[in-house]
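Peer 1: Sharing entry07.cif below, mmCIF, C-alpha atoms:
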data_model
#
loop_
_atom_site.group_PDB
_atom_site.id
_atom_site.type_symbol
_atom_site.label_atom_id
_atom_site.label_comp_id
_atom_site.auth_asym_id
_atom_site.auth_seq_id
_atom_site.Cartn_x
_atom_site.Cartn_y
_atom_site.Cartn_z
ATOM 1 C CA MET G 1 13.822 1.805 32.837
ATOM 2 C CA GLN G 2 12.233 4.116 30.294
ATOM 3 C CA LEU G 3 15.581 5.786 29.594
ATOM 4 C CA LEU G 4 16.925 2.653 27.976
ATOM 5 C CA ASN G 5 14.076 2.440 25.475
ATOM 6 C CA LEU G 6 14.754 5.907 24.081
ATOM 7 C CA TYR G 7 16.220 4.503 20.875
ATOM 8 C CA ASN G 8 12.804 3.148 19.937
ATOM 9 C CA CYS G 9 11.054 6.498 20.306
ATOM 10 C CA LEU G 10 10.548 9.072 17.591
ATOM 11 C CA PRO G 11 10.797 12.211 19.790
ATOM 12 C CA THR G 12 14.351 11.299 20.846
ATOM 13 C CA TYR G 13 15.559 11.720 17.305
ATOM 14 C CA LEU G 14 13.487 14.849 16.741
ATOM 15 C CA VAL G 15 15.046 16.465 19.824
ATOM 16 C CA LEU G 16 18.496 15.409 18.625
ATOM 17 C CA GLY G 17 17.799 16.982 15.243
ATOM 18 C CA ALA G 18 16.574 20.192 16.871
ATOM 19 C CA LEU G 19 19.727 20.282 19.016
ATOM 20 C CA LEU G 20 21.981 19.893 15.974
ATOM 21 C CA PHE G 21 20.046 22.616 14.144
ATOM 22 C CA ALA G 22 20.389 24.970 17.118
ATOM 23 C CA PHE G 23 24.145 24.277 17.286
ATOM 24 C CA GLY G 24 24.387 25.060 13.583
ATOM 25 C CA VAL G 25 22.525 28.355 13.903
ATOM 26 C CA TYR G 26 24.568 29.368 16.936
ATOM 27 C CA GLY G 27 27.862 28.608 15.203
ATOM 28 C CA MET G 28 26.710 30.384 12.046
ATOM 29 C CA VAL G 29 26.185 33.615 14.011
ATOM 30 C CA VAL G 30 29.153 33.379 16.367
ATOM 31 C CA ARG G 31 31.916 32.242 14.022
ATOM 32 C CA ARG G 32 33.980 34.962 12.388
ATOM 33 C CA THR G 33 35.744 32.831 9.792
ATOM 34 C CA VAL G 34 34.454 31.237 6.626
ATOM 35 C CA ILE G 35 35.596 27.773 7.744
ATOM 36 C CA GLY G 36 33.726 28.078 11.029
ATOM 37 C CA MET G 37 30.555 28.989 9.169
ATOM 38 C CA LEU G 38 31.056 26.073 6.778
ATOM 39 C CA ILE G 39 31.328 23.673 9.729
ATOM 40 C CA SER G 40 28.144 25.108 11.238
ATOM 41 C CA SER G 41 26.267 24.727 7.958
ATOM 42 C CA GLU G 42 27.210 21.043 7.949
ATOM 43 C CA PHE G 43 25.401 20.737 11.272
ATOM 44 C CA ILE G 44 22.237 22.240 9.835
ATOM 45 C CA LEU G 45 22.326 19.713 6.981
ATOM 46 C CA ALA G 46 22.977 16.884 9.457
ATOM 47 C CA ALA G 47 19.937 17.983 11.461
ATOM 48 C CA ALA G 48 17.788 17.750 8.342
ATOM 49 C CA SER G 49 19.115 14.276 7.553
ATOM 50 C CA THR G 50 18.476 13.105 11.113
ATOM 51 C CA ASN G 51 14.872 14.234 10.930
ATOM 52 C CA PHE G 52 14.347 12.539 7.584
ATOM 53 C CA MET G 53 15.821 9.301 8.886
ATOM 54 C CA ALA G 54 13.698 9.440 12.053
ATOM 55 C CA PHE G 55 10.422 9.948 10.175
ATOM 56 C CA ASN G 56 11.534 7.283 7.745
ATOM 57 C CA ARG G 57 12.063 4.803 10.587
ATOM 58 C CA PHE G 58 8.856 5.457 12.501
ATOM 59 C CA LEU G 59 6.167 6.919 10.272
ATOM 60 C CA ALA G 60 6.800 6.446 6.561
ATOM 61 C CA PRO G 61 4.977 3.715 4.658
ATOM 62 C CA ASP G 62 7.957 3.036 2.392
ATOM 63 C CA PRO G 63 11.240 3.103 4.359
ATOM 64 C CA ALA G 64 13.370 3.378 1.216
ATOM 65 C CA VAL G 65 12.287 6.965 0.476
ATOM 66 C CA GLY G 66 13.861 8.582 3.522
ATOM 67 C CA GLN G 67 17.137 6.753 3.006
ATOM 68 C CA VAL G 68 17.284 7.858 -0.630
ATOM 69 C CA PHE G 69 16.573 11.452 0.366
ATOM 70 C CA THR G 70 19.300 11.365 3.014
ATOM 71 C CA LEU G 71 21.708 10.057 0.387
ATOM 72 C CA PHE G 72 20.796 13.041 -1.811
ATOM 73 C CA ILE G 73 21.421 15.409 1.100
ATOM 74 C CA MET G 74 24.838 13.824 1.598
ATOM 75 C CA ALA G 75 25.718 14.278 -2.077
ATOM 76 C CA ILE G 76 24.630 17.922 -2.053
ATOM 77 C CA ALA G 77 26.559 18.528 1.191
ATOM 78 C CA ALA G 78 29.710 17.055 -0.322
ATOM 79 C CA ALA G 79 29.381 19.248 -3.423
ATOM 80 C CA GLU G 80 28.722 22.287 -1.245
ATOM 81 C CA ALA G 81 31.778 21.620 0.926
ATOM 82 C CA ALA G 82 34.018 21.216 -2.130
ATOM 83 C CA ILE G 83 32.806 24.483 -3.662
ATOM 84 C CA ALA G 84 33.036 26.338 -0.349
ATOM 85 C CA VAL G 85 36.611 25.212 0.310
ATOM 86 C CA SER G 86 37.736 26.178 -3.176
ATOM 87 C CA ILE G 87 36.071 29.607 -2.844
ATOM 88 C CA MET G 88 37.825 29.959 0.510
ATOM 89 C CA ILE G 89 41.196 29.212 -1.049
ATOM 90 C CA ALA G 90 40.540 31.728 -3.831
ATOM 91 C CA VAL G 91 39.520 34.361 -1.254
ATOM 92 C CA TYR G 92 42.608 33.620 0.799
ATOM 93 C CA ARG G 93 44.821 34.223 -2.237
ATOM 94 C CA ASN G 94 43.337 37.671 -2.739
ATOM 95 C CA TYR G 95 42.847 38.861 0.825
ATOM 96 C CA LYS G 96 45.415 36.808 2.803
ATOM 97 C CA SER G 97 42.627 36.231 5.319
ATOM 98 C CA ILE G 98 39.504 34.123 5.779
ATOM 99 C CA GLU G 99 37.774 36.356 8.285
ATOM 100 C CA THR G 100 34.403 37.635 7.204
ATOM 101 C CA ASP G 101 35.249 41.104 8.552
ATOM 102 C CA ASP G 102 38.028 41.489 5.989
ATOM 103 C CA MET G 103 35.899 40.809 2.926
ATOM 104 C CA VAL G 104 34.238 44.205 2.695
ATOM 105 C CA ASP G 105 35.053 45.274 -0.862
ATOM 106 C CA LEU G 106 31.343 45.528 -1.613
ATOM 107 C CA GLN G 107 30.844 47.481 1.639
ATOM 108 C CA GLY G 108 28.696 44.722 3.098
ATOM 109 C CA MET Y 1 2.421 11.197 27.166
ATOM 110 C CA GLN Y 2 0.229 9.319 24.702
ATOM 111 C CA THR Y 3 1.696 11.210 21.778
ATOM 112 C CA LEU Y 4 5.116 9.559 21.951
ATOM 113 C CA VAL Y 5 5.676 7.165 19.091
ATOM 114 C CA CYS Y 6 7.593 4.240 20.566
ATOM 115 C CA GLN Y 7 7.853 0.930 18.740
ATOM 116 C CA PRO Y 8 7.833 -1.276 20.680
ATOM 117 C CA ALA Y 9 6.923 0.506 23.883
ATOM 118 C CA GLY Y 10 8.474 -0.953 26.984
ATOM 119 C CA ALA Y 11 11.103 -0.606 29.668
ATOM 120 C CA PRO Y 12 13.931 -3.137 29.383
ATOM 121 C CA ALA Y 13 16.072 -4.035 32.380
ATOM 122 C CA LEU Y 14 19.587 -2.616 32.487
ATOM 123 C CA PHE Y 15 21.351 -5.969 32.258
ATOM 124 C CA SER Y 16 19.395 -7.424 29.386
ATOM 125 C CA ALA Y 17 20.299 -7.317 25.706
ATOM 126 C CA GLU Y 18 17.817 -4.494 25.022
ATOM 127 C CA GLY Y 19 19.072 -2.577 28.029
ATOM 128 C CA MET Y 20 22.658 -2.768 26.768
ATOM 129 C CA VAL Y 21 21.495 -1.524 23.374
ATOM 130 C CA GLY Y 22 19.883 1.403 25.166
ATOM 131 C CA VAL Y 23 23.139 2.189 26.962
ATOM 132 C CA VAL Y 24 25.047 2.116 23.674
ATOM 133 C CA PHE Y 25 22.474 4.459 22.158
ATOM 134 C CA LEU Y 26 22.875 6.926 25.018
ATOM 135 C CA LEU Y 27 26.648 6.837 24.523
ATOM 136 C CA THR Y 28 26.164 7.494 20.798
ATOM 137 C CA VAL Y 29 23.947 10.492 21.470
ATOM 138 C CA ALA Y 30 26.498 11.784 23.986
ATOM 139 C CA LEU Y 31 29.156 11.487 21.253
ATOM 140 C CA VAL Y 32 27.014 13.522 18.849
ATOM 141 C CA VAL Y 33 26.304 16.273 21.376
ATOM 142 C CA ALA Y 34 29.892 16.464 22.633
ATOM 143 C CA GLY Y 35 31.270 16.610 19.094
ATOM 144 C CA ALA Y 36 28.823 19.349 18.136
ATOM 145 C CA MET Y 37 29.727 21.372 21.235
ATOM 146 C CA ILE Y 38 33.440 21.104 20.483
ATOM 147 C CA ALA Y 39 32.901 21.996 16.826
ATOM 148 C CA VAL Y 40 30.886 25.111 17.629
ATOM 149 C CA SER Y 41 32.812 26.428 20.603
ATOM 150 C CA ALA Y 42 36.467 25.444 20.094
ATOM 151 C CA ARG Y 43 38.846 28.352 19.590
ATOM 152 C CA ARG Y 44 41.226 26.585 17.257
ATOM 153 C CA LEU Y 45 39.764 25.607 13.905
ATOM 154 C CA VAL Y 46 41.557 22.266 13.800
ATOM 155 C CA ARG Y 47 39.808 21.283 17.013
ATOM 156 C CA ALA Y 48 36.497 22.394 15.541
ATOM 157 C CA VAL Y 49 37.035 20.060 12.583
ATOM 158 C CA SER Y 50 37.928 17.225 14.941
ATOM 159 C CA GLY Y 51 34.686 17.877 16.801
ATOM 160 C CA LEU Y 52 32.871 17.753 13.468
ATOM 161 C CA ALA Y 53 34.372 14.326 12.734
ATOM 162 C CA VAL Y 54 33.448 13.047 16.211
ATOM 163 C CA CYS Y 55 29.890 14.312 15.835
ATOM 164 C CA PHE Y 56 29.497 12.667 12.436
ATOM 165 C CA THR Y 57 30.855 9.389 13.773
ATOM 166 C CA GLY Y 58 28.161 9.511 16.442
ATOM 167 C CA LEU Y 59 25.565 10.343 13.797
ATOM 168 C CA ALA Y 60 26.574 7.229 11.879
ATOM 169 C CA GLY Y 61 25.729 5.273 15.038
ATOM 170 C CA VAL Y 62 22.379 7.049 15.243
ATOM 171 C CA TYR Y 63 21.644 6.054 11.641
ATOM 172 C CA TYR Y 64 22.480 2.489 12.582
ATOM 173 C CA PHE Y 65 19.883 2.694 15.337
ATOM 174 C CA LEU Y 66 17.419 3.981 12.749
ATOM 175 C CA LEU Y 67 17.686 0.603 11.003
ATOM 176 C CA SER Y 68 19.877 1.789 8.162
ATOM 177 C CA PRO Y 69 23.411 0.304 8.258
ATOM 178 C CA PHE Y 70 23.963 1.394 4.664
ATOM 179 C CA LEU Y 71 23.414 5.052 5.527
ATOM 180 C CA ALA Y 72 25.676 4.653 8.569
ATOM 181 C CA MET Y 73 28.439 3.392 6.295
ATOM 182 C CA MET Y 74 27.840 6.211 3.825
ATOM 183 C CA GLN Y 75 27.958 8.716 6.686
ATOM 184 C CA MET Y 76 31.368 7.427 7.754
ATOM 185 C CA LEU Y 77 32.621 7.360 4.169
ATOM 186 C CA ILE Y 78 31.341 10.727 2.956
ATOM 187 C CA TYR Y 79 31.268 12.931 6.046
ATOM 188 C CA VAL Y 80 34.009 11.556 8.292
ATOM 189 C CA GLY Y 81 36.218 10.341 5.459
ATOM 190 C CA ALA Y 82 35.762 13.062 2.871
ATOM 191 C CA VAL Y 83 34.103 16.269 4.073
ATOM 192 C CA SER Y 84 35.987 16.562 7.381
ATOM 193 C CA ILE Y 85 39.298 15.810 5.684
ATOM 194 C CA LEU Y 86 38.486 18.345 2.964
ATOM 195 C CA ILE Y 87 37.786 21.049 5.543
ATOM 196 C CA ALA Y 88 40.978 20.106 7.398
ATOM 197 C CA PHE Y 89 42.923 20.561 4.157
ATOM 198 C CA GLY Y 90 41.168 23.890 3.663
ATOM 199 C CA ILE Y 91 42.335 25.012 7.100
ATOM 200 C CA MET Y 92 45.887 23.926 6.400
ATOM 201 C CA MET Y 93 46.012 25.652 3.001
ATOM 202 C CA ALA Y 94 44.089 28.839 3.609
ATOM 203 C CA THR Y 95 44.689 29.939 7.172
ATOM 204 C CA PRO Y 96 47.551 32.142 8.290
ATOM 205 C CA GLU Y 97 49.149 31.066 11.529
ATOM 206 C CA GLU Y 98 47.794 33.911 13.624
ATOM 207 C CA GLN Y 99 44.222 33.349 12.421
ATOM 208 C CA GLN Y 100 43.923 29.702 13.356
ATOM 209 C CA THR Y 101 42.266 30.742 16.586
ATOM 210 C CA ALA Y 102 38.909 31.189 14.834
ATOM 211 C CA GLY Y 103 39.148 34.982 14.927
ATOM 212 C CA MET Y 104 38.091 36.465 18.216
ATOM 213 C CA ARG Y 105 39.286 40.064 17.710
ATOM 214 C CA HIS Y 106 36.912 43.025 17.869
ATOM 215 C CA ARG Y 107 33.789 40.908 17.978
ATOM 216 C CA ALA Y 108 30.619 42.594 19.094
ATOM 217 C CA THR Y 109 30.067 41.754 22.769
ATOM 218 C CA LEU Y 110 26.359 41.182 22.263
ATOM 219 C CA ALA Y 111 26.759 38.648 19.451
ATOM 220 C CA GLY Y 112 27.501 35.658 21.697
ATOM 221 C CA PRO Y 113 24.586 35.880 24.154
ATOM 222 C CA LEU Y 114 22.221 36.982 21.398
ATOM 223 C CA ALA Y 115 23.153 34.033 19.203
ATOM 224 C CA PHE Y 116 22.836 31.693 22.171
ATOM 225 C CA SER Y 117 19.359 32.915 23.050
ATOM 226 C CA VAL Y 118 18.202 32.697 19.445
ATOM 227 C CA ALA Y 119 19.549 29.147 19.147
ATOM 228 C CA ALA Y 120 17.972 28.169 22.483
ATOM 229 C CA LEU Y 121 14.652 29.599 21.330
ATOM 230 C CA ILE Y 122 14.784 27.637 18.082
ATOM 231 C CA PHE Y 123 15.696 24.472 19.973
ATOM 232 C CA ALA Y 124 12.863 24.926 22.464
ATOM 233 C CA ALA Y 125 10.320 25.623 19.725
ATOM 234 C CA LEU Y 126 11.354 22.613 17.641
ATOM 235 C CA THR Y 127 11.416 20.367 20.709
ATOM 236 C CA VAL Y 128 7.915 21.371 21.774
ATOM 237 C CA LEU Y 129 6.750 20.890 18.198
ATOM 238 C CA GLY Y 130 8.263 17.408 18.053
ATOM 239 C CA LEU Y 131 6.881 16.343 21.419
ATOM 240 C CA LYS Y 132 3.376 17.776 21.139
ATOM 241 C CA THR Y 133 2.443 16.779 17.611
ATOM 242 C CA GLU Y 134 0.148 13.792 17.176
ATOM 243 C CA TRP Y 135 2.238 11.781 14.743
ATOM 244 C CA GLN Y 136 0.254 9.500 12.512
ATOM 245 C CA VAL Y 137 1.787 6.118 11.797
ATOM 246 C CA PHE Y 138 1.070 4.693 8.376
ATOM 247 C CA PRO Y 139 0.997 0.954 7.737
ATOM 248 C CA ARG Y 140 4.376 -0.195 6.499
ATOM 249 C CA GLN Y 141 4.562 -1.376 2.886
ATOM 250 C CA GLY Y 142 8.264 -1.658 2.033
ATOM 251 C CA THR Y 143 11.357 -2.966 3.776
ATOM 252 C CA PHE Y 144 14.513 -1.361 5.131
ATOM 253 C CA ASP Y 145 16.993 -3.502 3.211
ATOM 254 C CA ILE Y 146 19.555 -2.117 0.829
ATOM 255 C CA LYS Y 147 17.946 -3.834 -2.160
ATOM 256 C CA ALA Y 148 14.818 -1.713 -1.767
ATOM 257 C CA VAL Y 149 16.984 1.412 -1.566
ATOM 258 C CA GLY Y 150 18.825 0.483 -4.753
ATOM 259 C CA MET Y 151 15.617 -0.312 -6.618
ATOM 260 C CA SER Y 152 14.045 2.955 -5.567
ATOM 261 C CA LEU Y 153 17.220 4.869 -6.450
ATOM 262 C CA LEU Y 154 17.249 3.531 -9.994
ATOM 263 C CA THR Y 155 13.499 3.481 -10.734
ATOM 264 C CA THR Y 156 11.378 5.946 -8.765
ATOM 265 C CA HIS Y 157 14.144 8.460 -8.106
ATOM 266 C CA GLY Y 158 16.157 7.726 -11.249
ATOM 267 C CA PHE Y 159 15.867 11.226 -12.660
ATOM 268 C CA VAL Y 160 17.005 12.889 -9.427
ATOM 269 C CA PHE Y 161 19.845 10.384 -9.213
ATOM 270 C CA GLU Y 162 21.104 11.441 -12.638
ATOM 271 C CA LEU Y 163 20.636 15.103 -11.746
ATOM 272 C CA ILE Y 164 22.710 14.660 -8.579
ATOM 273 C CA SER Y 165 25.514 13.108 -10.586
ATOM 274 C CA VAL Y 166 25.499 16.120 -12.944
ATOM 275 C CA VAL Y 167 25.573 18.447 -9.914
ATOM 276 C CA LEU Y 168 28.555 16.576 -8.488
ATOM 277 C CA LEU Y 169 30.375 16.757 -11.833
ATOM 278 C CA LEU Y 170 29.740 20.498 -12.049
ATOM 279 C CA ALA Y 171 30.905 20.909 -8.452
ATOM 280 C CA ILE Y 172 34.181 19.129 -9.242
ATOM 281 C CA ILE Y 173 34.811 21.260 -12.328
ATOM 282 C CA GLY Y 174 33.748 24.424 -10.520
ATOM 283 C CA ALA Y 175 36.008 23.688 -7.563
ATOM 284 C CA LEU Y 176 38.958 23.128 -9.900
ATOM 285 C CA VAL Y 177 38.304 26.356 -11.808
ATOM 286 C CA LEU Y 178 37.780 28.411 -8.637
ATOM 287 C CA ALA Y 179 40.877 27.106 -6.911
ATOM 288 C CA GLN Y 180 42.966 27.623 -10.051
ATOM 289 C CA ARG Y 181 41.968 31.242 -10.536
ATOM 290 C CA GLY Y 182 44.438 33.749 -9.178
ATOM 291 C CA ARG Y 183 47.323 31.327 -9.056
ATOM 292 C CA ASN Y 184 50.346 32.900 -10.746
#
Please render this file's structure as C-alpha cells.
Peer 2:
Amino acid sequence: MQLLNLYNCLPTYLVLGALLFAFGVYGMVVRRTVIGMLISSEFILAAASTNFMAFNRFLAPDPAVGQVFTLFIMAIAAAEAAIAVSIMIAVYRNYKSIETDDMVDLQG
Amino acid sequence: MQTLVCQPAGAPALFSAEGMVGVVFLLTVALVVAGAMIAVSARRLVRAVSGLAVCFTGLAGVYYFLLSPFLAMMQMLIYVGAVSILIAFGIMMATPEEQQTAGMRHRATLAGPLAFSVAALIFAALTVLGLKTEWQVFPRQGTFDIKAVGMSLLTTHGFVFELISVVLLLAIIGALVLAQRGRN
C-alpha cells in the first residue's frame, strides 16, 4: 500500500508545506483583526520550517544544518509574536479595538 | 513518477510495523490540516488559537517523522507552550467582548472568494513545483543526532546563534517598553 509509505517521501512534506503556506496567505487576506493576521503569519513561518526540515531529511549532505535553521526560525517567530502582541495591546489602549479597519489615522 | 524521492521506496502491509507507522503519520497530517483549517476559518478568536495549538502539535509529530525528535520537542515547547499561550493572553487582554468574533462586519463580499482562489493558486503552483522537480540527492556526510546539532550551533553557526540571542533580548525589552507605553 503506497499510501502507508508516504512518510518516507519528500513530496509529501513539500505538499504539506505548500498547504500550510496557502492557509497562511488565505487567513492573512480574510482576517479583519490583528490577532487573526498574527495567527496566519505563524502558519507561513511553519510552512517554511516544514520545507527546511523536509529538504534536510531527504537531500542535504549535512542533516544538522536544516535543524539549526529551523531552530533560528522558531526563535525569530517567538520574538515576532512577543512584539506583535505588545503592539496589539498598545493599539488596543489607544483605539479600544483591534480591527484593522479602525486603525486609519494615517488614512491607509 | 520517477521524480519522487522516497527512501526507502516500498509498500508496507497495513498490519506490519511500518504500516502502523504510516497510519500514525496520516493521522498526524490530518491533525495539522484540521488545526490549520480551524485556525483560519473559526469565527471566535479563542477557537482560532486552539486550532493553532492543534496544528503545531501535529507539526511536532511531522518533525518527529523527519528524524528530528529534538525539533519536535522544541516545537511543543516554543510554539504550543509559549506562542499559542501568548496569543491567547493577547486575546484575553486586548479584545472587547463584542469583537471576539473575529470581526465580520462590513467586509467586502469579494474578499473571501478572491483570497481563496489566490491561496488555491499558490498551493497548486507550489505543489506542481514540488512534484515535478528532479531533486538531487547528495551523499550524506553528517548524522541526525542532537550532538551534531549542538556542535554545529556553537561552531559553524556560532555568530548567528549569538545574534539570535541579542534579537531575543531586544524583543523582550521592546515588548516591555511597547506594552508599558500609554498606561496611566
Peer 1: Restricting the calculation to all atoms listed in the file: of Y:Gly174, Y:Gly35, Y:Gly112, Y:Gly142, which residue gets closest to Ala64 in chain G?
Peer 2: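 Between Y:Gly174, Y:Gly35, Y:Gly112, Y:Gly142, the residue approaching Ala64 in chain G most closely is Y:Gly142.
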Peer 1: Given the file above and the PyMOL selection byres ((chain G and resi 13) around 10), which residues are selected, and can you give them as a count of residues only?
Peer 2: 24
Peer 1: Pull out every residue of chain Y that has at least one atom within 7 Å of chain G, counting all atoms listed in the file, and report them as a PDB file with C-alpha atoms, in the coordinates of the input.
Peer 2:
ATOM      1  CA  LEU Y   4       5.116   9.559  21.951  1.00  0.00           C
ATOM      2  CA  VAL Y   5       5.676   7.165  19.091  1.00  0.00           C
ATOM      3  CA  CYS Y   6       7.593   4.240  20.566  1.00  0.00           C
ATOM      4  CA  GLN Y   7       7.853   0.930  18.740  1.00  0.00           C
ATOM      5  CA  PRO Y   8       7.833  -1.276  20.680  1.00  0.00           C
ATOM      6  CA  GLY Y  10       8.474  -0.953  26.984  1.00  0.00           C
ATOM      7  CA  ALA Y  11      11.103  -0.606  29.668  1.00  0.00           C
ATOM      8  CA  PRO Y  12      13.931  -3.137  29.383  1.00  0.00           C
ATOM      9  CA  ALA Y  13      16.072  -4.035  32.380  1.00  0.00           C
ATOM     10  CA  GLY Y  19      19.072  -2.577  28.029  1.00  0.00           C
ATOM     11  CA  GLY Y  22      19.883   1.403  25.166  1.00  0.00           C
ATOM     12  CA  VAL Y  23      23.139   2.189  26.962  1.00  0.00           C
ATOM     13  CA  PHE Y  25      22.474   4.459  22.158  1.00  0.00           C
ATOM     14  CA  ALA Y  36      28.823  19.349  18.136  1.00  0.00           C
ATOM     15  CA  VAL Y  40      30.886  25.111  17.629  1.00  0.00           C
ATOM     16  CA  PHE Y  65      19.883   2.694  15.337  1.00  0.00           C
ATOM     17  CA  LEU Y  66      17.419   3.981  12.749  1.00  0.00           C
ATOM     18  CA  LEU Y  71      23.414   5.052   5.527  1.00  0.00           C
ATOM     19  CA  VAL Y  83      34.103  16.269   4.073  1.00  0.00           C
ATOM     20  CA  ILE Y  87      37.786  21.049   5.543  1.00  0.00           C
ATOM     21  CA  GLY Y  90      41.168  23.890   3.663  1.00  0.00           C
ATOM     22  CA  ALA Y  94      44.089  28.839   3.609  1.00  0.00           C
ATOM     23  CA  THR Y  95      44.689  29.939   7.172  1.00  0.00           C
ATOM     24  CA  ALA Y 102      38.909  31.189  14.834  1.00  0.00           C
ATOM     25  CA  GLY Y 103      39.148  34.982  14.927  1.00  0.00           C
ATOM     26  CA  ALA Y 111      26.759  38.648  19.451  1.00  0.00           C
ATOM     27  CA  GLY Y 112      27.501  35.658  21.697  1.00  0.00           C
ATOM     28  CA  ALA Y 115      23.153  34.033  19.203  1.00  0.00           C
ATOM     29  CA  PHE Y 116      22.836  31.693  22.171  1.00  0.00           C
ATOM     30  CA  ALA Y 119      19.549  29.147  19.147  1.00  0.00           C
ATOM     31  CA  ALA Y 120      17.972  28.169  22.483  1.00  0.00           C
ATOM     32  CA  ILE Y 122      14.784  27.637  18.082  1.00  0.00           C
ATOM     33  CA  PHE Y 123      15.696  24.472  19.973  1.00  0.00           C
ATOM     34  CA  LEU Y 126      11.354  22.613  17.641  1.00  0.00           C
ATOM     35  CA  THR Y 127      11.416  20.367  20.709  1.00  0.00           C
ATOM     36  CA  GLY Y 130       8.263  17.408  18.053  1.00  0.00           C
ATOM     37  CA  LEU Y 131       6.881  16.343  21.419  1.00  0.00           C
ATOM     38  CA  GLN Y 136       0.254   9.500  12.512  1.00  0.00           C
ATOM     39  CA  VAL Y 137       1.787   6.118  11.797  1.00  0.00           C
ATOM     40  CA  PHE Y 138       1.070   4.693   8.376  1.00  0.00           C
ATOM     41  CA  PRO Y 139       0.997   0.954   7.737  1.00  0.00           C
ATOM     42  CA  ARG Y 140       4.376  -0.195   6.499  1.00  0.00           C
ATOM     43  CA  GLN Y 141       4.562  -1.376   2.886  1.00  0.00           C
ATOM     44  CA  GLY Y 142       8.264  -1.658   2.033  1.00  0.00           C
ATOM     45  CA  THR Y 143      11.357  -2.966   3.776  1.00  0.00           C
ATOM     46  CA  PHE Y 144      14.513  -1.361   5.131  1.00  0.00           C
ATOM     47  CA  ALA Y 148      14.818  -1.713  -1.767  1.00  0.00           C
ATOM     48  CA  VAL Y 149      16.984   1.412  -1.566  1.00  0.00           C
ATOM     49  CA  SER Y 152      14.045   2.955  -5.567  1.00  0.00           C
ATOM     50  CA  LEU Y 153      17.220   4.869  -6.450  1.00  0.00           C
ATOM     51  CA  LEU Y 168      28.555  16.576  -8.488  1.00  0.00           C
ATOM     52  CA  ALA Y 171      30.905  20.909  -8.452  1.00  0.00           C
ATOM     53  CA  GLY Y 174      33.748  24.424 -10.520  1.00  0.00           C
ATOM     54  CA  ALA Y 175      36.008  23.688  -7.563  1.00  0.00           C
ATOM     55  CA  LEU Y 178      37.780  28.411  -8.637  1.00  0.00           C
ATOM     56  CA  ALA Y 179      40.877  27.106  -6.911  1.00  0.00           C
ATOM     57  CA  ARG Y 181      41.968  31.242 -10.536  1.00  0.00           C
ATOM     58  CA  GLY Y 182      44.438  33.749  -9.178  1.00  0.00           C
TER      59      GLY Y 182
END
Peer 1: Have a look at CA of Ile38 in chain Y and CA of Leu52 in chain Y and let me know their distance in Å, one decimal.
Peer 2: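 Those two atoms sit 7.8 Å apart.
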Peer 1: So how far away is CA of Tyr79 in chain Y from CA of Val46 in chain Y, in Å?
Peer 2: 15.9 Å
Peer 1: One decimal, in Å: what's the spacing between CA of Ser84 in chain Y and CA of Gly58 in chain Y?
Peer 2: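 Separation between CA of Ser84 in chain Y and CA of Gly58 in chain Y: 13.9 Å.
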Peer 1: For the file shown, report as a ChimeraX atom specification the outcome of the PyMOL selection byres ((chain Y and resi 76) around 10) at residue level.
Peer 2: /Y:53,56-61,71-75,77-83
